[in-house]
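**Student:** I'd like to ask some things about the structure below.
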Amino acid sequence: MLNRVRSAVAHLVSSGGAPPPRSKSPDLPNTTSALPAAPPEAPRSPPARAGSGSAVPVKTAEARASFSRPTFLQLSPGGLRRADDHTGRAVQSPPDTGRRLPWSTGYAEVINAGKSRHNEDQACCEVVYVEGRRSVSGVPREPSRGQGLCFYYWGLFDGHAGGGAAEMASRLLHRHIREQLKDLVEILQDPSPPPVCLPSTPGAPAPLDSSHLVGPQSCWSSQKEVTHESMVVGAIENAFQLMDEQMARERRGHQVEGGCCALVVVYLLGKIYVANAGDSRAIIVRNGEIIPMSREFTPETERQRLQLLGFLKPELLGGEFTHLEFPRRVQSKELGQRMLYRDQNMTGWAYKKIELEDLRFPLVCGEGKKARVMATIGVTRGLGDHNLKVCSSTLPIKPFLSCFPEVQVYDLTQYEHCPDDVLVLGTDGLWDVTSDCEVAATVDRVLSAYEPNDCSRYTALAQALVLGARGTPRDRGWRLPNNKLGSGDDISVFIIPLGGPGSYSRVIRWCRLSQRFQPDLSGALDPHIPVLS
(Lines give C-alpha, C1' and ligand atoms only; values in the text may rest on other atoms or scores of the structure.)
Protein backbone atom coordinates (compact mmCIF):
# COMPACT_ATOMS: atom_id res chain seq x y z
CA MET A 1 0.00 0.00 0.00
CA LEU A 2 2.78 2.44 0.88
CA ASN A 3 4.56 1.81 -2.41
CA ARG A 4 1.33 2.44 -4.31
CA VAL A 5 0.88 5.82 -2.63
CA ARG A 6 4.47 6.79 -3.47
CA SER A 7 4.06 5.76 -7.11
CA ALA A 8 0.76 7.59 -7.44
CA VAL A 9 2.13 10.80 -5.94
CA ALA A 10 5.26 10.78 -8.11
CA HIS A 11 3.25 10.16 -11.27
CA LEU A 12 0.66 12.81 -10.44
CA VAL A 13 3.39 15.34 -9.83
CA SER A 14 5.08 14.58 -13.14
CA SER A 15 2.18 14.13 -15.52
CA GLY A 16 -1.10 14.69 -13.76
CA GLY A 17 -2.36 11.29 -14.85
CA ALA A 18 -3.11 7.93 -13.35
CA PRO A 19 -0.27 5.99 -11.74
CA PRO A 20 1.69 3.70 -14.07
CA PRO A 21 1.43 -0.09 -13.83
CA ARG A 22 3.60 -1.58 -11.13
CA SER A 23 6.63 -3.60 -12.14
CA LYS A 24 6.39 -7.30 -11.40
CA SER A 25 9.79 -7.13 -9.76
CA PRO A 26 10.46 -4.48 -7.08
CA ASP A 27 14.07 -4.15 -8.22
CA LEU A 28 14.12 -4.45 -12.02
CA PRO A 29 12.22 -2.26 -14.50
CA ASN A 30 9.42 -4.02 -16.34
CA THR A 31 9.70 -3.33 -20.06
CA THR A 32 6.29 -4.69 -20.96
CA SER A 33 4.39 -2.54 -18.49
CA ALA A 34 6.39 0.52 -19.42
CA LEU A 35 5.47 0.53 -23.09
CA PRO A 36 2.47 2.75 -23.84
CA ALA A 37 -0.73 1.49 -25.35
CA ALA A 38 -0.91 2.01 -29.08
CA PRO A 39 -3.02 5.02 -30.11
CA PRO A 40 -6.09 3.94 -32.12
CA GLU A 41 -5.04 5.65 -35.34
CA ALA A 42 -1.29 5.81 -34.96
CA PRO A 43 0.73 4.47 -37.92
CA ARG A 44 3.40 1.89 -37.47
CA SER A 45 7.07 2.78 -37.76
CA PRO A 46 8.99 1.57 -40.83
CA PRO A 47 12.71 0.89 -41.14
CA ALA A 48 14.59 4.11 -40.49
CA ARG A 49 16.41 6.18 -43.07
CA ALA A 50 19.87 7.53 -42.59
CA GLY A 51 20.63 11.09 -41.56
CA SER A 52 23.50 13.29 -40.46
CA GLY A 53 23.83 11.65 -37.08
CA SER A 54 22.33 8.33 -38.01
CA ALA A 55 23.60 5.05 -39.22
CA VAL A 56 23.69 4.15 -42.89
CA PRO A 57 20.41 2.35 -43.70
CA VAL A 58 20.39 -1.25 -42.63
CA LYS A 59 17.90 -3.99 -43.27
CA THR A 60 15.41 -4.08 -40.37
CA ALA A 61 12.08 -5.72 -39.77
CA GLU A 62 8.89 -3.68 -39.75
CA ALA A 63 8.65 -2.12 -36.29
CA ARG A 64 6.02 -3.68 -34.11
CA ALA A 65 5.91 -0.80 -31.65
CA SER A 66 3.37 1.88 -32.56
CA PHE A 67 4.42 5.45 -33.19
CA SER A 68 4.00 7.49 -30.02
CA ARG A 69 4.91 10.82 -28.50
CA PRO A 70 5.71 11.73 -24.86
CA THR A 71 2.66 11.14 -22.67
CA PHE A 72 2.90 14.59 -21.10
CA LEU A 73 1.94 16.10 -24.48
CA GLN A 74 -1.51 14.53 -24.00
CA LEU A 75 -2.06 14.26 -27.76
CA SER A 76 -5.37 13.01 -29.10
CA PRO A 77 -5.40 10.76 -32.19
CA GLY A 78 -5.88 13.88 -34.29
CA GLY A 79 -3.04 15.58 -32.45
CA LEU A 80 -0.80 12.58 -33.15
CA ARG A 81 -1.55 12.91 -36.87
CA ARG A 82 -0.64 16.61 -36.79
CA ALA A 83 2.55 15.86 -34.88
CA ASP A 84 3.43 13.29 -37.55
CA ASP A 85 2.91 15.68 -40.49
CA HIS A 86 6.19 16.46 -42.28
CA THR A 87 4.57 19.13 -44.43
CA GLY A 88 3.14 21.44 -41.78
CA ARG A 89 5.72 20.57 -39.08
CA ALA A 90 3.52 21.97 -36.29
CA VAL A 91 5.33 22.65 -33.02
CA GLN A 92 4.02 20.52 -30.14
CA SER A 93 3.97 21.51 -26.46
CA PRO A 94 2.09 20.32 -23.36
CA PRO A 95 -1.43 21.79 -23.22
CA ASP A 96 -1.94 24.82 -21.02
CA THR A 97 -4.47 23.14 -18.73
CA GLY A 98 -2.99 24.15 -15.38
CA ARG A 99 -1.20 20.82 -14.97
CA ARG A 100 2.33 21.90 -15.72
CA LEU A 101 5.45 19.79 -15.90
CA PRO A 102 7.49 19.54 -12.70
CA TRP A 103 9.59 22.61 -11.93
CA SER A 104 7.43 24.62 -14.40
CA THR A 105 9.56 23.08 -17.16
CA GLY A 106 8.99 24.27 -20.70
CA TYR A 107 9.00 21.83 -23.61
CA ALA A 108 8.53 21.95 -27.37
CA GLU A 109 9.22 19.62 -30.28
CA VAL A 110 8.74 19.35 -34.03
CA ILE A 111 9.06 16.47 -36.47
CA ASN A 112 11.73 16.32 -39.17
CA ALA A 113 11.22 17.46 -42.76
CA GLY A 114 11.17 13.92 -44.17
CA LYS A 115 14.44 12.48 -42.92
CA SER A 116 12.53 9.59 -41.31
CA ARG A 117 8.88 8.54 -41.40
CA HIS A 118 8.25 9.44 -37.76
CA ASN A 119 9.74 11.70 -35.11
CA GLU A 120 12.50 9.55 -33.63
CA ASP A 121 13.15 11.89 -30.67
CA GLN A 122 11.61 11.01 -27.32
CA ALA A 123 11.41 12.92 -24.05
CA CYS A 124 10.68 12.21 -20.40
CA CYS A 125 10.06 14.45 -17.39
CA GLU A 126 9.43 12.79 -14.03
CA VAL A 127 9.57 13.16 -10.27
CA VAL A 128 10.89 9.88 -8.88
CA TYR A 129 10.76 8.66 -5.29
CA VAL A 130 13.60 6.40 -4.11
CA GLU A 131 13.17 4.15 -1.08
CA GLY A 132 16.37 2.85 0.49
CA ARG A 133 17.15 -0.80 -0.09
CA ARG A 134 18.72 -1.35 3.32
CA SER A 135 20.49 0.53 6.08
CA VAL A 136 24.27 0.96 6.02
CA SER A 137 24.54 -1.01 9.25
CA GLY A 138 23.04 -4.02 7.53
CA VAL A 139 19.99 -4.08 9.81
CA PRO A 140 16.76 -4.00 7.78
CA ARG A 141 15.08 -0.62 8.08
CA GLU A 142 11.59 -0.43 9.51
CA PRO A 143 9.25 0.84 6.78
CA SER A 144 7.67 3.43 9.09
CA ARG A 145 11.05 5.02 9.72
CA GLY A 146 12.41 4.93 6.18
CA GLN A 147 13.64 8.28 4.89
CA GLY A 148 13.49 8.22 1.12
CA LEU A 149 14.72 10.67 -1.47
CA CYS A 150 12.97 12.38 -4.34
CA PHE A 151 14.85 13.31 -7.52
CA TYR A 152 13.73 15.26 -10.54
CA TYR A 153 14.46 13.87 -13.94
CA TRP A 154 14.52 15.15 -17.51
CA GLY A 155 15.61 13.12 -20.53
CA LEU A 156 15.96 13.75 -24.27
CA PHE A 157 16.58 10.73 -26.50
CA ASP A 158 17.51 11.25 -30.15
CA GLY A 159 16.86 8.03 -32.03
CA HIS A 160 18.58 6.87 -35.21
CA ALA A 161 17.93 3.92 -37.53
CA GLY A 162 14.52 3.60 -35.87
CA GLY A 163 12.73 4.97 -32.82
CA GLY A 164 12.54 1.84 -30.67
CA ALA A 165 15.67 2.47 -28.60
CA ALA A 166 14.71 6.08 -27.86
CA GLU A 167 11.23 5.08 -26.79
CA MET A 168 12.48 2.29 -24.54
CA ALA A 169 15.06 4.56 -22.91
CA SER A 170 12.48 7.27 -22.30
CA ARG A 171 10.32 4.76 -20.43
CA LEU A 172 12.95 2.95 -18.41
CA LEU A 173 16.21 4.85 -17.87
CA HIS A 174 14.93 6.82 -14.87
CA ARG A 175 13.87 3.51 -13.28
CA HIS A 176 17.41 2.19 -13.64
CA ILE A 177 18.71 5.38 -11.99
CA ARG A 178 16.24 4.86 -9.16
CA GLU A 179 17.45 1.29 -8.64
CA GLN A 180 21.07 2.44 -8.52
CA LEU A 181 20.23 5.12 -5.94
CA LYS A 182 18.48 2.71 -3.57
CA ASP A 183 21.75 1.71 -1.90
CA LEU A 184 22.66 5.39 -1.47
CA VAL A 185 19.53 6.79 0.21
CA GLU A 186 20.88 6.58 3.75
CA ILE A 187 24.45 7.34 2.68
CA LEU A 188 23.52 10.56 0.87
CA GLN A 189 21.62 11.85 3.90
CA ASP A 190 24.58 11.20 6.21
CA PRO A 191 27.22 13.97 6.15
CA SER A 192 30.02 11.52 7.03
CA PRO A 193 32.11 9.98 4.22
CA PRO A 194 30.53 7.01 2.42
CA PRO A 195 31.48 3.55 3.73
CA VAL A 196 34.02 1.73 1.59
CA CYS A 197 32.13 -1.57 1.89
CA LEU A 198 28.49 -2.32 2.53
CA PRO A 199 27.53 -5.31 4.72
CA SER A 200 26.91 -8.58 2.94
CA THR A 201 23.32 -9.40 2.15
CA PRO A 202 21.77 -12.37 3.98
CA GLY A 203 22.60 -15.65 2.30
CA ALA A 204 25.63 -14.27 0.47
CA PRO A 205 28.77 -16.47 0.47
CA ALA A 206 31.31 -15.73 3.20
CA PRO A 207 34.22 -13.52 2.14
CA LEU A 208 37.46 -15.28 1.24
CA ASP A 209 40.43 -15.13 3.59
CA SER A 210 42.91 -12.71 2.01
CA SER A 211 45.54 -12.87 4.75
CA HIS A 212 47.85 -14.90 2.52
CA LEU A 213 47.90 -12.19 -0.14
CA VAL A 214 51.03 -10.05 -0.10
CA GLY A 215 51.24 -6.61 -1.69
CA PRO A 216 53.05 -3.30 -1.36
CA GLN A 217 51.39 -1.77 1.70
CA SER A 218 52.82 1.65 0.91
CA CYS A 219 50.21 1.97 -1.85
CA TRP A 220 47.42 1.72 0.73
CA SER A 221 48.78 4.01 3.41
CA SER A 222 45.74 6.24 3.03
CA GLN A 223 42.19 5.86 1.80
CA LYS A 224 40.99 7.63 -1.31
CA GLU A 225 38.46 10.35 -0.73
CA VAL A 226 35.05 9.47 -2.17
CA THR A 227 32.38 12.17 -2.18
CA HIS A 228 28.62 11.83 -2.19
CA GLU A 229 28.58 13.67 -5.50
CA SER A 230 30.85 11.09 -7.13
CA MET A 231 28.57 8.29 -5.93
CA VAL A 232 25.56 9.88 -7.61
CA VAL A 233 27.65 10.22 -10.78
CA GLY A 234 28.54 6.53 -10.53
CA ALA A 235 24.89 5.59 -10.06
CA ILE A 236 23.94 7.46 -13.24
CA GLU A 237 26.80 5.87 -15.19
CA ASN A 238 25.81 2.38 -14.05
CA ALA A 239 22.18 3.08 -14.96
CA PHE A 240 23.20 3.92 -18.53
CA GLN A 241 25.16 0.67 -18.79
CA LEU A 242 22.28 -1.39 -17.40
CA MET A 243 19.86 0.29 -19.80
CA ASP A 244 22.12 -0.61 -22.71
CA GLU A 245 22.43 -4.19 -21.52
CA GLN A 246 18.65 -4.48 -21.24
CA MET A 247 18.31 -3.25 -24.81
CA ALA A 248 20.75 -5.94 -25.91
CA ARG A 249 18.73 -8.65 -24.15
CA GLU A 250 15.33 -7.52 -25.36
CA ARG A 251 16.08 -6.11 -28.81
CA ARG A 252 14.29 -8.99 -30.51
CA GLY A 253 11.25 -9.54 -28.33
CA HIS A 254 10.40 -5.84 -28.07
CA GLN A 255 11.73 -4.78 -31.48
CA VAL A 256 14.24 -2.28 -30.07
CA GLU A 257 15.54 -1.19 -33.43
CA GLY A 258 18.37 1.29 -33.89
CA GLY A 259 19.96 3.30 -31.13
CA CYS A 260 19.71 6.70 -29.52
CA CYS A 261 21.73 9.53 -28.08
CA ALA A 262 20.77 10.27 -24.47
CA LEU A 263 20.89 13.60 -22.62
CA VAL A 264 19.68 13.29 -19.04
CA VAL A 265 19.39 15.75 -16.15
CA VAL A 266 18.94 14.67 -12.54
CA TYR A 267 18.32 17.13 -9.71
CA LEU A 268 19.12 15.66 -6.30
CA LEU A 269 19.94 17.33 -2.97
CA GLY A 270 20.72 20.76 -4.35
CA LYS A 271 22.81 19.65 -7.32
CA ILE A 272 22.07 19.22 -11.01
CA TYR A 273 23.73 16.27 -12.77
CA VAL A 274 23.86 16.51 -16.57
CA ALA A 275 24.70 13.21 -18.27
CA ASN A 276 25.31 13.17 -22.01
CA ALA A 277 26.00 10.26 -24.35
CA GLY A 278 25.78 11.48 -27.93
CA ASP A 279 25.55 14.77 -29.81
CA SER A 280 22.74 16.51 -27.92
CA ARG A 281 23.74 19.54 -25.85
CA ALA A 282 22.94 21.32 -22.59
CA ILE A 283 23.86 24.86 -21.61
CA ILE A 284 23.03 27.10 -18.67
CA VAL A 285 22.18 30.71 -19.40
CA ARG A 286 22.74 32.60 -16.15
CA ASN A 287 22.56 36.39 -16.07
CA GLY A 288 23.49 36.42 -19.76
CA GLU A 289 26.50 34.15 -19.21
CA ILE A 290 26.70 30.84 -21.11
CA ILE A 291 27.88 27.82 -19.13
CA PRO A 292 28.36 24.63 -21.22
CA MET A 293 27.06 21.58 -19.35
CA SER A 294 27.90 18.90 -21.93
CA ARG A 295 30.06 18.16 -24.93
CA GLU A 296 29.23 16.23 -28.07
CA PHE A 297 30.66 12.77 -28.71
CA THR A 298 31.38 12.35 -32.40
CA PRO A 299 34.02 10.53 -34.48
CA GLU A 300 36.08 13.73 -34.44
CA THR A 301 35.92 14.44 -30.70
CA GLU A 302 36.62 10.79 -29.83
CA ARG A 303 39.06 10.00 -32.62
CA GLN A 304 41.90 8.99 -30.28
CA ARG A 305 39.72 6.67 -28.18
CA LEU A 306 38.46 4.94 -31.32
CA GLN A 307 41.94 4.64 -32.82
CA LEU A 308 43.35 3.26 -29.58
CA LEU A 309 40.69 0.55 -29.51
CA GLY A 310 41.40 -0.32 -33.14
CA PHE A 311 45.14 -0.45 -32.38
CA LEU A 312 44.73 -2.68 -29.31
CA LYS A 313 42.12 -4.96 -30.90
CA PRO A 314 42.82 -5.07 -34.65
CA GLU A 315 40.41 -7.99 -35.04
CA LEU A 316 37.56 -5.47 -34.56
CA LEU A 317 38.64 -3.84 -37.83
CA GLY A 318 38.07 -7.09 -39.71
CA GLY A 319 40.92 -6.51 -42.13
CA GLU A 320 38.71 -3.88 -43.82
CA PHE A 321 39.76 -0.75 -41.91
CA THR A 322 42.93 0.93 -40.67
CA HIS A 323 43.07 2.71 -37.32
CA LEU A 324 45.32 5.40 -38.80
CA GLU A 325 43.96 8.71 -40.10
CA PHE A 326 45.11 10.41 -43.29
CA PRO A 327 44.07 13.79 -44.73
CA ARG A 328 42.38 11.92 -47.58
CA ARG A 329 41.95 8.40 -48.87
CA VAL A 330 45.27 6.77 -49.73
CA GLN A 331 45.62 5.60 -53.35
CA SER A 332 47.51 2.52 -54.52
CA LYS A 333 49.82 4.63 -56.68
CA GLU A 334 51.08 6.32 -53.50
CA LEU A 335 52.59 3.12 -52.05
CA GLY A 336 56.13 3.81 -50.84
CA GLN A 337 55.58 7.59 -50.68
CA ARG A 338 55.53 9.57 -47.45
CA MET A 339 52.13 10.96 -46.48
CA LEU A 340 50.70 12.93 -43.57
CA TYR A 341 49.03 10.78 -40.91
CA ARG A 342 48.21 10.63 -37.22
CA ASP A 343 47.51 7.76 -34.84
CA GLN A 344 45.91 7.28 -31.42
CA ASN A 345 48.72 9.07 -29.59
CA MET A 346 48.87 12.17 -31.78
CA THR A 347 47.01 15.47 -31.85
CA GLY A 348 49.25 16.85 -34.60
CA TRP A 349 50.35 15.41 -37.93
CA ALA A 350 53.55 13.75 -39.18
CA TYR A 351 54.80 11.86 -42.25
CA LYS A 352 54.99 8.09 -42.67
CA LYS A 353 55.81 5.72 -45.50
CA ILE A 354 52.64 4.36 -47.09
CA GLU A 355 52.33 0.57 -46.80
CA LEU A 356 49.80 -1.90 -48.18
CA GLU A 357 47.71 -1.88 -44.97
CA ASP A 358 47.24 1.87 -45.27
CA LEU A 359 45.09 1.36 -48.38
CA ARG A 360 42.26 0.11 -46.15
CA PHE A 361 39.37 2.43 -45.37
CA PRO A 362 40.07 4.64 -42.32
CA LEU A 363 38.26 3.85 -39.08
CA VAL A 364 37.36 7.55 -38.73
CA CYS A 365 36.61 9.53 -41.87
CA GLY A 366 34.96 12.80 -42.85
CA GLU A 367 34.63 16.16 -41.13
CA GLY A 368 31.98 17.89 -39.03
CA LYS A 369 28.47 16.47 -39.41
CA LYS A 370 29.79 14.17 -42.17
CA ALA A 371 32.32 12.44 -39.91
CA ARG A 372 31.64 8.71 -39.57
CA VAL A 373 32.87 5.64 -37.69
CA MET A 374 33.48 2.82 -40.16
CA ALA A 375 31.72 4.96 -42.80
CA THR A 376 28.44 4.26 -41.02
CA ILE A 377 27.45 6.24 -37.91
CA GLY A 378 28.06 9.84 -36.86
CA VAL A 379 27.89 9.50 -33.06
CA THR A 380 30.19 7.51 -30.81
CA ARG A 381 28.21 7.29 -27.58
CA GLY A 382 24.62 6.34 -26.92
CA LEU A 383 22.30 3.46 -26.15
CA GLY A 384 21.37 0.53 -28.38
CA ASP A 385 22.80 -0.07 -31.87
CA HIS A 386 23.45 -3.71 -30.97
CA ASN A 387 22.50 -4.91 -34.46
CA LEU A 388 24.38 -2.19 -36.33
CA LYS A 389 26.76 -3.52 -38.98
CA VAL A 390 29.06 -1.92 -41.53
CA CYS A 391 27.19 -1.39 -44.78
CA SER A 392 27.36 -4.51 -47.02
CA SER A 393 29.30 -6.34 -44.30
CA THR A 394 28.78 -8.44 -41.18
CA LEU A 395 31.33 -6.40 -39.21
CA PRO A 396 29.69 -5.07 -36.00
CA ILE A 397 30.18 -1.42 -35.01
CA LYS A 398 28.91 -1.66 -31.42
CA PRO A 399 32.37 -2.41 -29.91
CA PHE A 400 33.43 1.12 -30.86
CA LEU A 401 30.31 2.77 -29.40
CA SER A 402 30.26 3.57 -25.69
CA CYS A 403 27.08 3.69 -23.61
CA PHE A 404 28.76 5.59 -20.78
CA PRO A 405 27.83 9.26 -20.45
CA GLU A 406 29.98 12.16 -19.39
CA VAL A 407 28.42 13.68 -16.26
CA GLN A 408 28.84 17.32 -15.30
CA VAL A 409 27.63 18.71 -11.98
CA TYR A 410 26.19 22.13 -11.20
CA ASP A 411 25.62 23.16 -7.57
CA LEU A 412 22.45 25.22 -7.37
CA THR A 413 23.17 26.28 -3.79
CA GLN A 414 26.32 28.20 -4.76
CA TYR A 415 24.53 30.92 -6.72
CA GLU A 416 21.57 33.25 -6.42
CA HIS A 417 19.36 32.53 -9.41
CA CYS A 418 16.73 34.79 -10.92
CA PRO A 419 13.65 33.67 -12.90
CA ASP A 420 15.52 34.27 -16.18
CA ASP A 421 18.30 31.78 -15.38
CA VAL A 422 17.60 28.55 -17.26
CA LEU A 423 19.10 25.23 -18.28
CA VAL A 424 18.49 24.58 -21.98
CA LEU A 425 18.48 20.97 -23.27
CA GLY A 426 18.24 20.31 -26.98
CA THR A 427 18.77 17.52 -29.48
CA ASP A 428 21.15 18.15 -32.36
CA GLY A 429 18.28 19.38 -34.51
CA LEU A 430 18.49 22.63 -32.53
CA TRP A 431 22.25 23.00 -32.32
CA ASP A 432 22.94 22.18 -35.98
CA VAL A 433 21.63 25.62 -36.97
CA THR A 434 21.69 27.58 -33.70
CA SER A 435 24.75 28.69 -31.73
CA ASP A 436 24.97 29.00 -27.95
CA CYS A 437 25.03 32.79 -28.28
CA GLU A 438 21.88 32.77 -30.42
CA VAL A 439 20.12 30.62 -27.84
CA ALA A 440 21.17 33.00 -25.06
CA ALA A 441 19.85 35.97 -27.07
CA THR A 442 16.52 34.19 -27.55
CA VAL A 443 16.37 33.45 -23.81
CA ASP A 444 16.77 37.15 -23.03
CA ARG A 445 14.31 38.30 -25.71
CA VAL A 446 11.50 35.87 -24.88
CA LEU A 447 11.68 35.85 -21.08
CA SER A 448 11.86 39.64 -20.86
CA ALA A 449 8.45 39.78 -22.55
CA TYR A 450 6.78 37.84 -19.71
CA GLU A 451 6.19 38.53 -16.04
CA PRO A 452 8.67 36.64 -13.83
CA ASN A 453 5.90 34.67 -12.12
CA ASP A 454 4.27 33.60 -15.41
CA CYS A 455 5.15 29.91 -15.68
CA SER A 456 4.08 29.77 -19.34
CA ARG A 457 7.17 31.82 -20.21
CA TYR A 458 9.36 28.71 -20.26
CA THR A 459 7.10 26.86 -22.70
CA ALA A 460 7.04 29.99 -24.87
CA LEU A 461 10.85 30.02 -24.82
CA ALA A 462 11.04 26.35 -25.85
CA GLN A 463 8.62 27.03 -28.70
CA ALA A 464 10.62 30.06 -29.85
CA LEU A 465 13.83 28.03 -29.98
CA VAL A 466 12.19 25.23 -31.94
CA LEU A 467 10.53 27.64 -34.37
CA GLY A 468 13.79 29.54 -34.82
CA ALA A 469 15.69 26.36 -35.70
CA ARG A 470 12.94 24.96 -37.94
CA GLY A 471 12.47 28.13 -39.98
CA THR A 472 9.60 28.81 -42.35
CA PRO A 473 8.65 26.94 -45.56
CA ARG A 474 9.78 28.68 -48.73
CA ASP A 475 11.87 27.97 -51.82
CA ARG A 476 11.04 24.26 -51.58
CA GLY A 477 12.55 23.97 -48.13
CA TRP A 478 12.62 25.34 -44.60
CA ARG A 479 14.55 28.60 -44.37
CA LEU A 480 15.87 30.76 -41.56
CA PRO A 481 15.52 34.58 -41.59
CA ASN A 482 19.03 34.82 -43.11
CA ASN A 483 17.80 32.54 -45.94
CA LYS A 484 20.04 29.68 -44.81
CA LEU A 485 18.53 26.21 -44.56
CA GLY A 486 16.69 25.53 -41.33
CA SER A 487 16.99 22.28 -39.45
CA GLY A 488 15.42 19.34 -41.29
CA ASP A 489 15.96 17.07 -38.28
CA ASP A 490 13.66 16.28 -35.37
CA ILE A 491 13.99 19.07 -32.79
CA SER A 492 13.24 18.67 -29.07
CA VAL A 493 13.89 21.27 -26.37
CA PHE A 494 13.52 21.36 -22.59
CA ILE A 495 13.74 24.66 -20.65
CA ILE A 496 14.41 24.15 -16.93
CA PRO A 497 14.19 27.31 -14.78
CA LEU A 498 16.88 27.48 -12.14
CA GLY A 499 15.20 29.91 -9.77
CA GLY A 500 12.47 32.43 -9.18
CA PRO A 501 8.74 32.43 -8.40
CA GLY A 502 6.59 29.67 -9.79
CA SER A 503 9.35 27.14 -10.30
CA TYR A 504 8.76 24.78 -7.41
CA SER A 505 5.56 25.53 -5.50
CA ARG A 506 3.36 22.91 -7.21
CA VAL A 507 5.83 20.11 -6.59
CA ILE A 508 6.13 21.09 -2.94
CA ARG A 509 2.35 21.14 -2.53
CA TRP A 510 2.15 17.62 -3.95
CA CYS A 511 4.87 16.41 -1.59
CA ARG A 512 3.09 17.99 1.37
CA LEU A 513 -0.16 16.38 0.32
CA SER A 514 1.54 13.01 0.08
CA GLN A 515 2.67 13.20 3.71
CA ARG A 516 -0.94 12.96 4.87
CA PHE A 517 -0.99 9.42 3.52
CA GLN A 518 2.71 8.54 3.74
CA PRO A 519 4.48 9.79 6.90
CA ASP A 520 7.91 8.50 5.89
CA LEU A 521 7.81 10.41 2.59
CA SER A 522 9.17 13.47 4.41
CA GLY A 523 12.56 12.68 2.94
CA ALA A 524 11.15 13.63 -0.46
CA LEU A 525 11.02 17.26 0.67
CA ASP A 526 14.38 18.42 -0.56
CA PRO A 527 15.66 21.09 1.88
CA HIS A 528 17.60 22.74 -0.95
CA ILE A 529 14.44 23.64 -2.88
CA PRO A 530 12.89 26.93 -1.74
CA VAL A 531 9.28 26.57 -0.59
CA LEU A 532 7.34 29.35 -2.28
CA SER A 533 3.74 30.21 -1.61
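Ordered as shown in the C-alpha coordinates, chains take letters A, B, and onward, while each chain numbers its residues from 1 and ligands are numbered from 1 in the order shown.
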May I have the residues within 7 Å of stretch 411-418 of chain A as a PyMOL selection string, using only C-alpha atoms and disregarding those fewer than 4 positions away in the same chain?

**Tutor:** chain A and resi 270-272+498-500

**Student:** Could you produce a table of the residues of stretch 306-410 of chain A lying within 9 Å of stretch 229-245 of chain A, with the nearest pair of atoms per residue and their separation in Å rounded to one decimal, using only C-alpha atoms, ordered by chain and increasing residue number, as CSV?

**Tutor:**
```
residue,atom,partner,partner_atom,distance
A:Gly382,CA,A:Asp244,CA,8.5
A:Leu383,CA,A:Asp244,CA,5.3
A:Gly384,CA,A:Asp244,CA,5.8
A:His386,CA,A:Asp244,CA,8.9
A:Cys403,CA,A:Gln241,CA,6.0
A:Phe404,CA,A:Glu237,CA,5.9
A:Pro405,CA,A:Glu237,CA,6.3
A:Glu406,CA,A:Glu237,CA,8.2
A:Val407,CA,A:Val233,CA,6.5
A:Gln408,CA,A:Val233,CA,8.5
A:Val409,CA,A:Glu229,CA,8.3
```

**Student:** Can I get the selected residues back with N, CA and C atoms, as a short mmCIF file (atom, residue, chain, number, x, y, z; two decimals), in the first residue's frame?

**Tutor:**
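To be explicit, this is the file written out as selection_23.cif:
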```
data_model
loop_
_atom_site.label_atom_id
_atom_site.label_comp_id
_atom_site.auth_asym_id
_atom_site.auth_seq_id
_atom_site.Cartn_x
_atom_site.Cartn_y
_atom_site.Cartn_z
N GLY A 382 26.08 6.42 -26.92
CA GLY A 382 24.62 6.34 -26.92
C GLY A 382 24.17 4.97 -26.43
N LEU A 383 22.90 4.71 -26.58
CA LEU A 383 22.30 3.46 -26.15
C LEU A 383 21.81 2.69 -27.37
N GLY A 384 21.87 1.37 -27.29
CA GLY A 384 21.37 0.53 -28.38
C GLY A 384 22.41 0.29 -29.46
N HIS A 386 22.84 -2.39 -31.13
CA HIS A 386 23.45 -3.71 -30.97
C HIS A 386 23.43 -4.52 -32.26
N CYS A 403 28.36 3.30 -24.21
CA CYS A 403 27.08 3.69 -23.61
C CYS A 403 27.27 4.59 -22.39
N PHE A 404 28.52 4.81 -21.99
CA PHE A 404 28.76 5.59 -20.78
C PHE A 404 28.68 7.09 -21.07
N PRO A 405 27.93 7.82 -20.24
CA PRO A 405 27.83 9.26 -20.45
C PRO A 405 28.97 10.00 -19.76
N GLU A 406 29.16 11.23 -20.16
CA GLU A 406 29.98 12.16 -19.39
C GLU A 406 29.03 12.96 -18.51
N VAL A 407 29.32 13.02 -17.22
CA VAL A 407 28.42 13.68 -16.26
C VAL A 407 29.08 14.94 -15.73
N GLN A 408 28.39 16.06 -15.87
CA GLN A 408 28.84 17.32 -15.30
C GLN A 408 27.87 17.73 -14.21
N VAL A 409 28.41 18.38 -13.17
CA VAL A 409 27.63 18.71 -11.98
C VAL A 409 27.58 20.22 -11.79
#
```

**Student:** Report as a PyMOL selection string all protein, DNA and RNA residues lying within 12 Å of A:Pro94, evaluated on only C-alpha atoms, omitting residues in the same chain fewer than 6 positions from it.

**Tutor:** chain A and resi 15-16+69-76+79+100-102+104-109+123+125+456+458-460+462-463+494

**Student:** Leaving out A:Lys389 and any residue of its chain fewer than 5 positions from it, which residues lie within 9 Å of it when counting only C-alpha atoms, given as a PyMOL selection string?

**Tutor:** chain A and resi 58+376+394-398

**Student:** Just the number, please: distance in Å from atom CA of A:Val266 to atom CA of A:Tyr153, one decimal.

**Tutor:**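 Between atom CA of A:Val266 and atom CA of A:Tyr153 the gap works out to 4.8 Å.
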
**Student:** Quick one: everything within 12 Å of A:Val493, counting only C-alpha atoms, minus sequence neighbours fewer than 4 positions away in the same chain. Send it as an NGL selection string.

**Tutor:** :A and (91-93 or 105-110 or 121-125 or 154-158 or 263 or 280-283 or 423-431 or 439 or 458-469)
